[in-house]
$ cat target_17.cif   # mmCIF, C-alpha atoms
data_data
#
loop_
_atom_site.group_PDB
_atom_site.id
_atom_site.type_symbol
_atom_site.label_atom_id
_atom_site.label_comp_id
_atom_site.auth_asym_id
_atom_site.auth_seq_id
_atom_site.Cartn_x
_atom_site.Cartn_y
_atom_site.Cartn_z
ATOM 1 C CA ASN Z 149 -15.082 3.651 -13.357
ATOM 2 C CA ALA Z 150 -14.331 0.365 -11.541
ATOM 3 C CA GLY Z 151 -10.506 0.510 -11.183
ATOM 4 C CA VAL Z 152 -9.371 -2.527 -9.177
ATOM 5 C CA THR Z 153 -12.051 -4.948 -8.015
ATOM 6 C CA GLN Z 154 -11.456 -7.633 -5.403
ATOM 7 C CA THR Z 155 -13.742 -10.453 -4.322
ATOM 8 C CA PRO Z 156 -14.765 -11.656 -1.838
ATOM 9 C CA LYS Z 157 -14.619 -8.839 0.725
ATOM 10 C CA PHE Z 158 -14.854 -11.259 3.646
ATOM 11 C CA GLN Z 159 -14.085 -14.966 3.956
ATOM 12 C CA VAL Z 160 -13.788 -17.439 6.824
ATOM 13 C CA LEU Z 161 -11.909 -20.680 6.205
ATOM 14 C CA LYS Z 162 -10.967 -23.698 8.255
ATOM 15 C CA THR Z 163 -7.351 -24.795 8.439
ATOM 16 C CA GLY Z 164 -6.461 -26.846 5.368
ATOM 17 C CA GLN Z 165 -9.180 -25.481 3.099
ATOM 18 C CA SER Z 166 -8.326 -23.837 -0.197
ATOM 19 C CA MET Z 167 -9.687 -20.717 -1.803
ATOM 20 C CA THR Z 168 -8.999 -18.104 -4.456
ATOM 21 C CA LEU Z 169 -9.088 -14.349 -4.021
ATOM 22 C CA GLN Z 170 -10.083 -12.702 -7.267
ATOM 23 C CA CYS Z 171 -8.654 -9.446 -8.593
ATOM 24 C CA ALA Z 172 -9.549 -7.623 -11.789
ATOM 25 C CA GLN Z 173 -8.526 -4.229 -13.160
ATOM 26 C CA ASP Z 174 -9.905 -2.292 -16.094
ATOM 27 C CA MET Z 175 -7.079 0.235 -16.577
ATOM 28 C CA ASN Z 176 -4.995 -1.923 -18.924
ATOM 29 C CA HIS Z 177 -2.121 -1.889 -16.417
ATOM 30 C CA GLU Z 178 0.740 -4.290 -17.013
ATOM 31 C CA TYR Z 179 1.777 -4.451 -13.368
ATOM 32 C CA MET Z 180 -0.336 -6.161 -10.735
ATOM 33 C CA SER Z 181 0.501 -7.266 -7.221
ATOM 34 C CA TRP Z 182 -0.871 -8.781 -4.035
ATOM 35 C CA TYR Z 183 -0.100 -7.465 -0.551
ATOM 36 C CA ARG Z 184 -1.101 -8.586 2.885
ATOM 37 C CA GLN Z 185 -1.646 -6.120 5.687
ATOM 38 C CA ASP Z 186 -1.093 -7.128 9.280
ATOM 39 C CA PRO Z 187 -1.215 -4.887 12.371
ATOM 40 C CA GLY Z 188 2.040 -3.020 12.925
ATOM 41 C CA MET Z 189 3.686 -4.505 9.833
ATOM 42 C CA GLY Z 190 2.519 -2.274 7.043
ATOM 43 C CA LEU Z 191 2.015 -3.931 3.673
ATOM 44 C CA ARG Z 192 4.069 -6.890 2.596
ATOM 45 C CA LEU Z 193 4.340 -7.982 -1.009
ATOM 46 C CA ILE Z 194 3.239 -11.563 -1.680
ATOM 47 C CA HIS Z 195 3.474 -11.957 -5.461
ATOM 48 C CA TYR Z 196 3.551 -9.667 -8.428
ATOM 49 C CA SER Z 197 3.241 -9.727 -12.194
ATOM 50 C CA VAL Z 198 4.742 -7.525 -14.875
ATOM 51 C CA GLY Z 199 2.411 -8.751 -17.607
ATOM 52 C CA ALA Z 200 0.308 -11.641 -18.819
ATOM 53 C CA GLY Z 201 2.142 -14.923 -18.359
ATOM 54 C CA ILE Z 202 4.814 -13.428 -16.063
ATOM 55 C CA THR Z 203 4.767 -13.675 -12.278
ATOM 56 C CA ASP Z 204 7.347 -13.520 -9.522
ATOM 57 C CA GLN Z 205 7.626 -13.803 -5.757
ATOM 58 C CA GLY Z 206 7.603 -10.940 -3.308
ATOM 59 C CA GLU Z 207 8.655 -10.865 0.346
ATOM 60 C CA VAL Z 208 6.187 -13.415 1.727
ATOM 61 C CA PRO Z 209 5.209 -15.873 -1.051
ATOM 62 C CA ASN Z 210 5.018 -19.110 0.929
ATOM 63 C CA GLY Z 211 1.556 -20.687 0.965
ATOM 64 C CA TYR Z 212 0.295 -18.647 -1.987
ATOM 65 C CA ASN Z 213 0.135 -19.214 -5.736
ATOM 66 C CA VAL Z 214 -0.686 -16.809 -8.539
ATOM 67 C CA SER Z 215 -1.171 -16.867 -12.279
ATOM 68 C CA ARG Z 216 -1.699 -14.175 -14.893
ATOM 69 C CA SER Z 217 -3.446 -15.499 -17.962
ATOM 70 C CA THR Z 218 -4.876 -12.108 -18.999
ATOM 71 C CA THR Z 219 -3.888 -8.481 -18.466
ATOM 72 C CA GLU Z 220 -7.068 -7.871 -16.470
ATOM 73 C CA ASP Z 221 -7.035 -10.699 -13.918
ATOM 74 C CA PHE Z 222 -4.576 -11.722 -11.198
ATOM 75 C CA PRO Z 223 -6.047 -14.307 -8.789
ATOM 76 C CA LEU Z 224 -4.336 -15.315 -5.552
ATOM 77 C CA ARG Z 225 -4.710 -18.929 -4.453
ATOM 78 C CA LEU Z 226 -4.340 -20.364 -0.970
ATOM 79 C CA LEU Z 227 -3.864 -24.105 -1.421
ATOM 80 C CA SER Z 228 -4.042 -25.152 2.245
ATOM 81 C CA ALA Z 229 -5.014 -22.307 4.524
ATOM 82 C CA ALA Z 230 -3.237 -21.805 7.850
ATOM 83 C CA PRO Z 231 -4.129 -19.499 10.790
ATOM 84 C CA SER Z 232 -0.990 -17.473 9.993
ATOM 85 C CA GLN Z 233 -2.687 -16.439 6.762
ATOM 86 C CA THR Z 234 -5.394 -14.555 8.637
ATOM 87 C CA SER Z 235 -4.957 -11.063 7.268
ATOM 88 C CA VAL Z 236 -6.341 -8.364 5.024
ATOM 89 C CA TYR Z 237 -5.304 -8.839 1.411
ATOM 90 C CA PHE Z 238 -4.983 -6.048 -1.124
ATOM 91 C CA CYS Z 239 -4.603 -6.293 -4.857
ATOM 92 C CA ALA Z 240 -2.994 -3.370 -6.663
ATOM 93 C CA SER Z 241 -2.156 -2.398 -10.217
ATOM 94 C CA SER Z 242 0.141 0.169 -11.756
ATOM 95 C CA GLY Z 243 0.865 1.739 -15.085
ATOM 96 C CA GLY Z 244 4.577 2.027 -14.365
ATOM 97 C CA THR Z 245 4.905 5.399 -12.605
ATOM 98 C CA GLY Z 246 5.240 4.016 -9.095
ATOM 99 C CA GLU Z 247 1.646 4.948 -8.298
ATOM 100 C CA LEU Z 248 -0.377 1.929 -7.215
ATOM 101 C CA PHE Z 249 -4.147 1.663 -7.499
ATOM 102 C CA PHE Z 250 -5.579 -0.541 -4.770
ATOM 103 C CA GLY Z 251 -8.686 -2.625 -4.433
ATOM 104 C CA GLU Z 252 -10.840 -2.310 -1.308
ATOM 105 C CA GLY Z 253 -9.331 -5.364 0.337
ATOM 106 C CA SER Z 254 -10.366 -8.886 1.283
ATOM 107 C CA ARG Z 255 -10.495 -9.803 4.961
ATOM 108 C CA LEU Z 256 -9.620 -13.461 5.481
ATOM 109 C CA THR Z 257 -9.946 -15.370 8.737
ATOM 110 C CA VAL Z 258 -8.535 -18.883 9.055
ATOM 111 C CA LEU Z 259 -9.783 -20.850 12.036
ATOM 112 C CA GLY P 254 18.299 -2.829 0.967
ATOM 113 C CA ASP P 255 15.797 -0.006 0.629
ATOM 114 C CA SER P 256 13.632 0.728 3.642
ATOM 115 C CA VAL P 257 11.166 3.266 5.029
ATOM 116 C CA THR P 258 10.770 4.200 8.687
ATOM 117 C CA GLN P 259 7.726 6.073 9.998
ATOM 118 C CA MET P 260 6.939 7.434 13.407
ATOM 119 C CA GLU P 261 4.813 5.097 15.455
ATOM 120 C CA GLY P 262 1.230 5.928 16.156
ATOM 121 C CA PRO P 263 -1.400 6.397 17.029
ATOM 122 C CA VAL P 264 -1.296 10.152 16.718
ATOM 123 C CA THR P 265 -4.252 11.793 18.433
ATOM 124 C CA LEU P 266 -5.062 15.438 17.726
ATOM 125 C CA SER P 267 -7.860 17.903 18.219
ATOM 126 C CA GLU P 268 -9.526 19.433 15.192
ATOM 127 C CA GLU P 269 -7.549 22.378 13.731
ATOM 128 C CA ALA P 270 -4.280 21.224 15.295
ATOM 129 C CA CYS P 271 -1.069 21.005 13.261
ATOM 130 C CA LEU P 272 0.103 17.627 12.049
ATOM 131 C CA THR P 273 3.551 16.241 11.316
ATOM 132 C CA ILE P 274 4.162 12.566 10.602
ATOM 133 C CA ASN P 275 7.843 11.778 10.262
ATOM 134 C CA CYS P 276 9.189 9.556 7.502
ATOM 135 C CA THR P 277 12.803 8.717 6.741
ATOM 136 C CA TYR P 278 14.170 6.374 4.134
ATOM 137 C CA THR P 279 17.240 4.396 3.185
ATOM 138 C CA ALA P 280 17.899 3.890 -0.497
ATOM 139 C CA THR P 281 20.607 4.012 -3.089
ATOM 140 C CA GLY P 282 20.241 6.441 -5.933
ATOM 141 C CA TYR P 283 17.238 8.723 -6.332
ATOM 142 C CA PRO P 284 13.940 7.086 -5.442
ATOM 143 C CA SER P 285 10.497 8.614 -5.791
ATOM 144 C CA LEU P 286 8.628 9.109 -2.533
ATOM 145 C CA PHE P 287 4.919 8.768 -1.830
ATOM 146 C CA TRP P 288 2.344 9.203 0.902
ATOM 147 C CA TYR P 289 -0.669 6.911 0.742
ATOM 148 C CA VAL P 290 -3.763 7.204 2.940
ATOM 149 C CA GLN P 291 -6.117 4.448 4.046
ATOM 150 C CA TYR P 292 -9.527 5.515 5.323
ATOM 151 C CA PRO P 293 -11.449 3.060 7.526
ATOM 152 C CA GLY P 294 -12.670 0.028 5.598
ATOM 153 C CA GLU P 295 -11.026 1.096 2.346
ATOM 154 C CA GLY P 296 -7.936 0.341 0.330
ATOM 155 C CA LEU P 297 -4.963 2.647 0.096
ATOM 156 C CA GLN P 298 -5.035 5.657 -2.179
ATOM 157 C CA LEU P 299 -2.298 8.003 -3.252
ATOM 158 C CA LEU P 300 -2.213 11.241 -1.266
ATOM 159 C CA LEU P 301 0.853 12.943 -2.719
ATOM 160 C CA LYS P 302 4.226 12.243 -4.264
ATOM 161 C CA ALA P 303 7.612 13.752 -5.067
ATOM 162 C CA THR P 304 9.963 12.418 -7.682
ATOM 163 C CA LYS P 305 13.203 14.303 -7.029
ATOM 164 C CA ALA P 306 15.103 16.144 -4.327
ATOM 165 C CA ASP P 307 13.547 19.417 -3.101
ATOM 166 C CA ASP P 308 10.217 18.643 -4.802
ATOM 167 C CA LYS P 309 7.158 19.387 -2.689
ATOM 168 C CA GLY P 310 4.107 17.210 -3.099
ATOM 169 C CA SER P 311 0.747 18.580 -1.979
ATOM 170 C CA ASN P 312 -2.904 17.520 -1.936
ATOM 171 C CA LYS P 313 -5.983 18.159 0.235
ATOM 172 C CA GLY P 314 -4.003 20.581 2.428
ATOM 173 C CA PHE P 315 -1.254 18.038 3.092
ATOM 174 C CA GLU P 316 2.280 18.592 1.914
ATOM 175 C CA ALA P 317 5.667 16.888 2.081
ATOM 176 C CA THR P 318 9.096 17.939 0.833
ATOM 177 C CA TYR P 319 11.687 15.505 -0.507
ATOM 178 C CA ARG P 320 14.834 16.213 1.533
ATOM 179 C CA LYS P 321 17.760 14.244 0.213
ATOM 180 C CA GLU P 322 20.233 15.683 2.711
ATOM 181 C CA THR P 323 18.225 14.308 5.621
ATOM 182 C CA THR P 324 16.658 11.391 3.669
ATOM 183 C CA SER P 325 13.241 12.506 4.874
ATOM 184 C CA PHE P 326 9.727 13.055 3.521
ATOM 185 C CA HIS P 327 7.687 14.283 6.481
ATOM 186 C CA LEU P 328 3.935 14.740 6.029
ATOM 187 C CA GLU P 329 2.473 18.036 7.301
ATOM 188 C CA LYS P 330 -0.891 19.733 7.527
ATOM 189 C CA GLY P 331 -1.589 23.041 9.150
ATOM 190 C CA SER P 332 -5.104 22.347 10.391
ATOM 191 C CA VAL P 333 -6.480 18.813 10.565
ATOM 192 C CA GLN P 334 -10.128 17.838 10.359
ATOM 193 C CA VAL P 335 -12.045 14.886 11.777
ATOM 194 C CA SER P 336 -12.296 13.569 8.208
ATOM 195 C CA ASP P 337 -8.478 13.255 8.091
ATOM 196 C CA SER P 338 -8.639 10.357 10.549
ATOM 197 C CA ALA P 339 -6.967 7.483 8.711
ATOM 198 C CA VAL P 340 -3.772 5.466 8.466
ATOM 199 C CA TYR P 341 -0.952 7.146 6.540
ATOM 200 C CA PHE P 342 1.776 5.193 4.787
ATOM 201 C CA CYS P 343 5.059 6.551 3.528
ATOM 202 C CA ALA P 344 6.477 4.646 0.567
ATOM 203 C CA LEU P 345 9.536 4.569 -1.646
ATOM 204 C CA PHE P 346 9.679 3.607 -5.308
ATOM 205 C CA HIS P 347 13.004 2.777 -6.820
ATOM 206 C CA SER P 348 13.111 2.540 -10.578
ATOM 207 C CA GLY P 349 15.011 -0.501 -11.737
ATOM 208 C CA GLY P 350 12.727 -2.794 -9.813
ATOM 209 C CA TYR P 351 9.524 -4.007 -11.361
ATOM 210 C CA ASN P 352 7.466 -1.170 -9.960
ATOM 211 C CA LYS P 353 7.634 -2.323 -6.354
ATOM 212 C CA LEU P 354 6.866 0.098 -3.574
ATOM 213 C CA ILE P 355 8.550 -0.246 -0.208
ATOM 214 C CA PHE P 356 6.051 0.765 2.488
ATOM 215 C CA GLY P 357 6.556 2.021 5.990
ATOM 216 C CA ALA P 358 4.539 0.409 8.772
ATOM 217 C CA GLY P 359 1.862 3.114 8.702
ATOM 218 C CA THR P 360 0.831 5.768 11.220
ATOM 219 C CA ARG P 361 -2.724 5.931 12.499
ATOM 220 C CA LEU P 362 -4.130 9.446 12.952
ATOM 221 C CA ALA P 363 -7.219 10.087 15.063
ATOM 222 C CA VAL P 364 -8.684 13.602 15.034
ATOM 223 C CA HIS P 365 -11.276 14.520 17.648
ATOM 224 C CA PRO P 366 -13.777 17.402 17.500
#
$ encode --input "target_17.cif" --output "structure tokens"
Amino acid sequence: NAGVTQTPKFQVLKTGQSMTLQCAQDMNHEYMSWYRQDPGMGLRLIHYSVGAGITDQGEVPNGYNVSRSTTEDFPLRLLSAAPSQTSVYFCASSGGTGELFFGEGSRLTVL
Amino acid sequence: GDSVTQMEGPVTLSEEACLTINCTYTATGYPSLFWYVQYPGEGLQLLLKATKADDKGSNKGFEATYRKETTSFHLEKGSVQVSDSAVYFCALFHSGGYNKLIFGAGTRLAVHP
């Protein structure tokens, strides 16, 4: 009963490095999204997808890329990490009712 | 645009005290309203929801009533436990979007024995 699985749970990067946060869901949900959580700011939507091959930008997309080649996977790529991207990242999926299922989060620190 | 406003925390209570966390929203039409909870070190999980005016959502002793006249969805519990310590997020879902939730900033609750 995996639900939404995110990896890695923790990552430290240097400014300018690149990395990919992985997200996979096994509920056959069409909708998937990435949020970042920063103190006092709640959750902010980075990118989302309404199905394989379809992605769109959320509130804070700059510095991040996504792709959706399969229903199950929705990776988030940081091409050139910046200290402002230090945050906790959550992947979520939904079957269309408004209820999101979240992964456990990935804590990223950019030095 | 749509928005959600929650009372600022942290909220600190003794065990068995009553809890109210205020949430108000701004939206056109008739959104669905949610409360999510985030326990330490975990992702968010749905606590309760209400899909239309005057609906009451309830779960684990928590409840919230969708009040359209006051555009509110306050979270209440009659007797909190130490295990209720978490961050609580109010959220709004407006059909017509892709399935995007608008979250409040979150309210941290700390319950002491």
$ atom_distance --input "target_17.cif" --atom1 "CA of Val264 in chain P" --atom2 "CA of Pro293 in chain P"
15.4 Å
$ resolve_selection --input "target_17.cif" --expression "the PyMOL selection byres ((chain P) within 7 of (chain Z))" --output "MDAnalysis selection string"
chainID P and resid 295:298 346 351:352 354 356:359
$ resolve_selection --input "target_17.cif" --expression "the PyMOL selection byres ((chain P and resi 254) around 9)" --output "short mmCIF file (atom, residue, chain, number, x, y, z; two decimals) with C-alpha atoms, keeping the file's coordinate frame"
data_model
loop_
_atom_site.label_atom_id
_atom_site.label_comp_id
_atom_site.auth_asym_id
_atom_site.auth_seq_id
_atom_site.Cartn_x
_atom_site.Cartn_y
_atom_site.Cartn_z
CA ASP P 255 15.80 -0.01 0.63
CA SER P 256 13.63 0.73 3.64
CA THR P 279 17.24 4.40 3.18
CA ALA P 280 17.90 3.89 -0.50
CA THR P 281 20.61 4.01 -3.09
#
$ closest_residue --input "target_17.cif" --among "P:Ser336, P:Asn275, P:Thr318, P:Thr258" --to "Val364 in chain P" --atoms "only C-alpha atoms"
P:Ser336
$ residues_around --input "target_17.cif" --residues "range 323-332 of chain P" --least-positions-apart "2" --cutoff "7 Å" --atoms "only C-alpha atoms" --output "ChimeraX atom specification"
/P:269-278,314-321,334
$ residues_around --input "target_17.cif" --residues "Thr304 in chain P" --least-positions-apart "2" --cutoff "9 Å" --atoms "all atoms listed in the file" --output "VMD selection string"
chain P and resid 283 to 287 302 306 308 310 319
$ decode --input "target_17.cif" --residues "range 203-215 of chain Z" --atoms "all heavy atoms" --output "PDB file, in the first residue's frame"
ATOM      1  N   THR Z 203       1.858  18.886 -18.740  1.00  0.00           N
ATOM      2  CA  THR Z 203       2.303  19.566 -17.527  1.00  0.00           C
ATOM      3  C   THR Z 203       2.014  21.055 -17.648  1.00  0.00           C
ATOM      4  O   THR Z 203       1.838  21.579 -18.757  1.00  0.00           O
ATOM      5  CB  THR Z 203       3.806  19.368 -17.264  1.00  0.00           C
ATOM      6  OG1 THR Z 203       4.550  19.976 -18.331  1.00  0.00           O
ATOM      7  CG2 THR Z 203       4.166  17.894 -17.171  1.00  0.00           C
ATOM      8  N   ASP Z 204       1.991  21.719 -16.507  1.00  0.00           N
ATOM      9  CA  ASP Z 204       1.771  23.167 -16.515  1.00  0.00           C
ATOM     10  C   ASP Z 204       2.393  23.771 -15.271  1.00  0.00           C
ATOM     11  O   ASP Z 204       2.721  23.061 -14.303  1.00  0.00           O
ATOM     12  CB  ASP Z 204       0.286  23.496 -16.580  1.00  0.00           C
ATOM     13  CG  ASP Z 204       0.018  24.851 -17.211  1.00  0.00           C
ATOM     14  OD1 ASP Z 204       0.985  25.657 -17.342  1.00  0.00           O
ATOM     15  OD2 ASP Z 204      -1.134  25.125 -17.577  1.00  0.00           O
ATOM     16  N   GLN Z 205       2.558  25.097 -15.302  1.00  0.00           N
ATOM     17  CA  GLN Z 205       3.213  25.802 -14.211  1.00  0.00           C
ATOM     18  C   GLN Z 205       2.230  26.151 -13.108  1.00  0.00           C
ATOM     19  O   GLN Z 205       1.068  26.443 -13.364  1.00  0.00           O
ATOM     20  CB  GLN Z 205       3.857  27.080 -14.748  1.00  0.00           C
ATOM     21  CG  GLN Z 205       4.947  26.833 -15.765  1.00  0.00           C
ATOM     22  CD  GLN Z 205       5.546  28.134 -16.269  1.00  0.00           C
ATOM     23  OE1 GLN Z 205       5.042  29.215 -16.003  1.00  0.00           O
ATOM     24  NE2 GLN Z 205       6.641  28.036 -17.000  1.00  0.00           N
ATOM     25  N   GLY Z 206       2.754  26.163 -11.886  1.00  0.00           N
ATOM     26  CA  GLY Z 206       1.993  26.629 -10.744  1.00  0.00           C
ATOM     27  C   GLY Z 206       2.394  28.041 -10.377  1.00  0.00           C
ATOM     28  O   GLY Z 206       2.732  28.851 -11.226  1.00  0.00           O
ATOM     29  N   GLU Z 207       2.394  28.325  -9.064  1.00  0.00           N
ATOM     30  CA  GLU Z 207       2.698  29.680  -8.587  1.00  0.00           C
ATOM     31  C   GLU Z 207       4.168  30.038  -8.672  1.00  0.00           C
ATOM     32  O   GLU Z 207       4.519  31.195  -8.911  1.00  0.00           O
ATOM     33  CB  GLU Z 207       2.299  29.808  -7.105  1.00  0.00           C
ATOM     34  CG  GLU Z 207       0.878  29.499  -6.748  1.00  0.00           C
ATOM     35  CD  GLU Z 207       0.735  29.438  -5.238  1.00  0.00           C
ATOM     36  OE1 GLU Z 207       0.943  30.471  -4.580  1.00  0.00           O
ATOM     37  OE2 GLU Z 207       0.433  28.355  -4.713  1.00  0.00           O
ATOM     38  N   VAL Z 208       5.047  29.054  -8.416  1.00  0.00           N
ATOM     39  CA  VAL Z 208       6.478  29.334  -8.288  1.00  0.00           C
ATOM     40  C   VAL Z 208       7.303  28.389  -9.160  1.00  0.00           C
ATOM     41  O   VAL Z 208       8.109  27.602  -8.658  1.00  0.00           O
ATOM     42  CB  VAL Z 208       6.924  29.266  -6.804  1.00  0.00           C
ATOM     43  CG1 VAL Z 208       6.393  30.456  -6.035  1.00  0.00           C
ATOM     44  CG2 VAL Z 208       6.476  27.965  -6.151  1.00  0.00           C
ATOM     45  N   PRO Z 209       7.178  28.445 -10.482  1.00  0.00           N
ATOM     46  CA  PRO Z 209       7.832  27.463 -11.350  1.00  0.00           C
ATOM     47  C   PRO Z 209       9.292  27.740 -11.683  1.00  0.00           C
ATOM     48  O   PRO Z 209      10.006  26.844 -12.151  1.00  0.00           O
ATOM     49  CB  PRO Z 209       6.988  27.554 -12.620  1.00  0.00           C
ATOM     50  CG  PRO Z 209       6.557  28.990 -12.652  1.00  0.00           C
ATOM     51  CD  PRO Z 209       6.322  29.371 -11.214  1.00  0.00           C
ATOM     52  N   ASN Z 210       9.752  28.976 -11.460  1.00  0.00           N
ATOM     53  CA  ASN Z 210      11.081  29.345 -11.927  1.00  0.00           C
ATOM     54  C   ASN Z 210      12.171  28.532 -11.255  1.00  0.00           C
ATOM     55  O   ASN Z 210      12.213  28.406 -10.031  1.00  0.00           O
ATOM     56  CB  ASN Z 210      11.324  30.841 -11.689  1.00  0.00           C
ATOM     57  CG  ASN Z 210      10.441  31.696 -12.569  1.00  0.00           C
ATOM     58  OD1 ASN Z 210       9.908  31.224 -13.574  1.00  0.00           O
ATOM     59  ND2 ASN Z 210      10.259  32.940 -12.186  1.00  0.00           N
ATOM     60  N   GLY Z 211      13.076  27.986 -12.072  1.00  0.00           N
ATOM     61  CA  GLY Z 211      14.192  27.184 -11.571  1.00  0.00           C
ATOM     62  C   GLY Z 211      13.903  25.706 -11.519  1.00  0.00           C
ATOM     63  O   GLY Z 211      14.776  24.924 -11.127  1.00  0.00           O
ATOM     64  N   TYR Z 212      12.697  25.308 -11.917  1.00  0.00           N
ATOM     65  CA  TYR Z 212      12.283  23.907 -11.854  1.00  0.00           C
ATOM     66  C   TYR Z 212      11.724  23.448 -13.205  1.00  0.00           C
ATOM     67  O   TYR Z 212      11.024  24.208 -13.878  1.00  0.00           O
ATOM     68  CB  TYR Z 212      11.189  23.696 -10.805  1.00  0.00           C
ATOM     69  CG  TYR Z 212      11.493  24.225  -9.437  1.00  0.00           C
ATOM     70  CD1 TYR Z 212      11.056  25.485  -9.044  1.00  0.00           C
ATOM     71  CD2 TYR Z 212      12.197  23.455  -8.519  1.00  0.00           C
ATOM     72  CE1 TYR Z 212      11.319  25.975  -7.774  1.00  0.00           C
ATOM     73  CE2 TYR Z 212      12.457  23.926  -7.245  1.00  0.00           C
ATOM     74  CZ  TYR Z 212      12.016  25.191  -6.881  1.00  0.00           C
ATOM     75  OH  TYR Z 212      12.275  25.667  -5.626  1.00  0.00           O
ATOM     76  N   ASN Z 213      12.010  22.196 -13.539  1.00  0.00           N
ATOM     77  CA  ASN Z 213      11.416  21.575 -14.719  1.00  0.00           C
ATOM     78  C   ASN Z 213      10.748  20.268 -14.332  1.00  0.00           C
ATOM     79  O   ASN Z 213      11.178  19.600 -13.376  1.00  0.00           O
ATOM     80  CB  ASN Z 213      12.474  21.267 -15.773  1.00  0.00           C
ATOM     81  CG  ASN Z 213      12.878  22.494 -16.566  1.00  0.00           C
ATOM     82  OD1 ASN Z 213      12.221  23.523 -16.505  1.00  0.00           O
ATOM     83  ND2 ASN Z 213      13.961  22.370 -17.309  1.00  0.00           N
ATOM     84  N   VAL Z 214       9.705  19.911 -15.065  1.00  0.00           N
ATOM     85  CA  VAL Z 214       9.044  18.628 -14.841  1.00  0.00           C
ATOM     86  C   VAL Z 214       8.744  17.981 -16.179  1.00  0.00           C
ATOM     87  O   VAL Z 214       8.751  18.616 -17.218  1.00  0.00           O
ATOM     88  CB  VAL Z 214       7.719  18.783 -14.061  1.00  0.00           C
ATOM     89  CG1 VAL Z 214       7.961  19.230 -12.631  1.00  0.00           C
ATOM     90  CG2 VAL Z 214       6.780  19.740 -14.779  1.00  0.00           C
ATOM     91  N   SER Z 215       8.466  16.686 -16.109  1.00  0.00           N
ATOM     92  CA  SER Z 215       7.980  15.939 -17.261  1.00  0.00           C
ATOM     93  C   SER Z 215       7.069  14.844 -16.747  1.00  0.00           C
ATOM     94  O   SER Z 215       7.139  14.460 -15.578  1.00  0.00           O
ATOM     95  CB  SER Z 215       9.140  15.353 -18.070  1.00  0.00           C
ATOM     96  OG  SER Z 215       9.917  14.486 -17.248  1.00  0.00           O
TER      97      SER Z 215
END
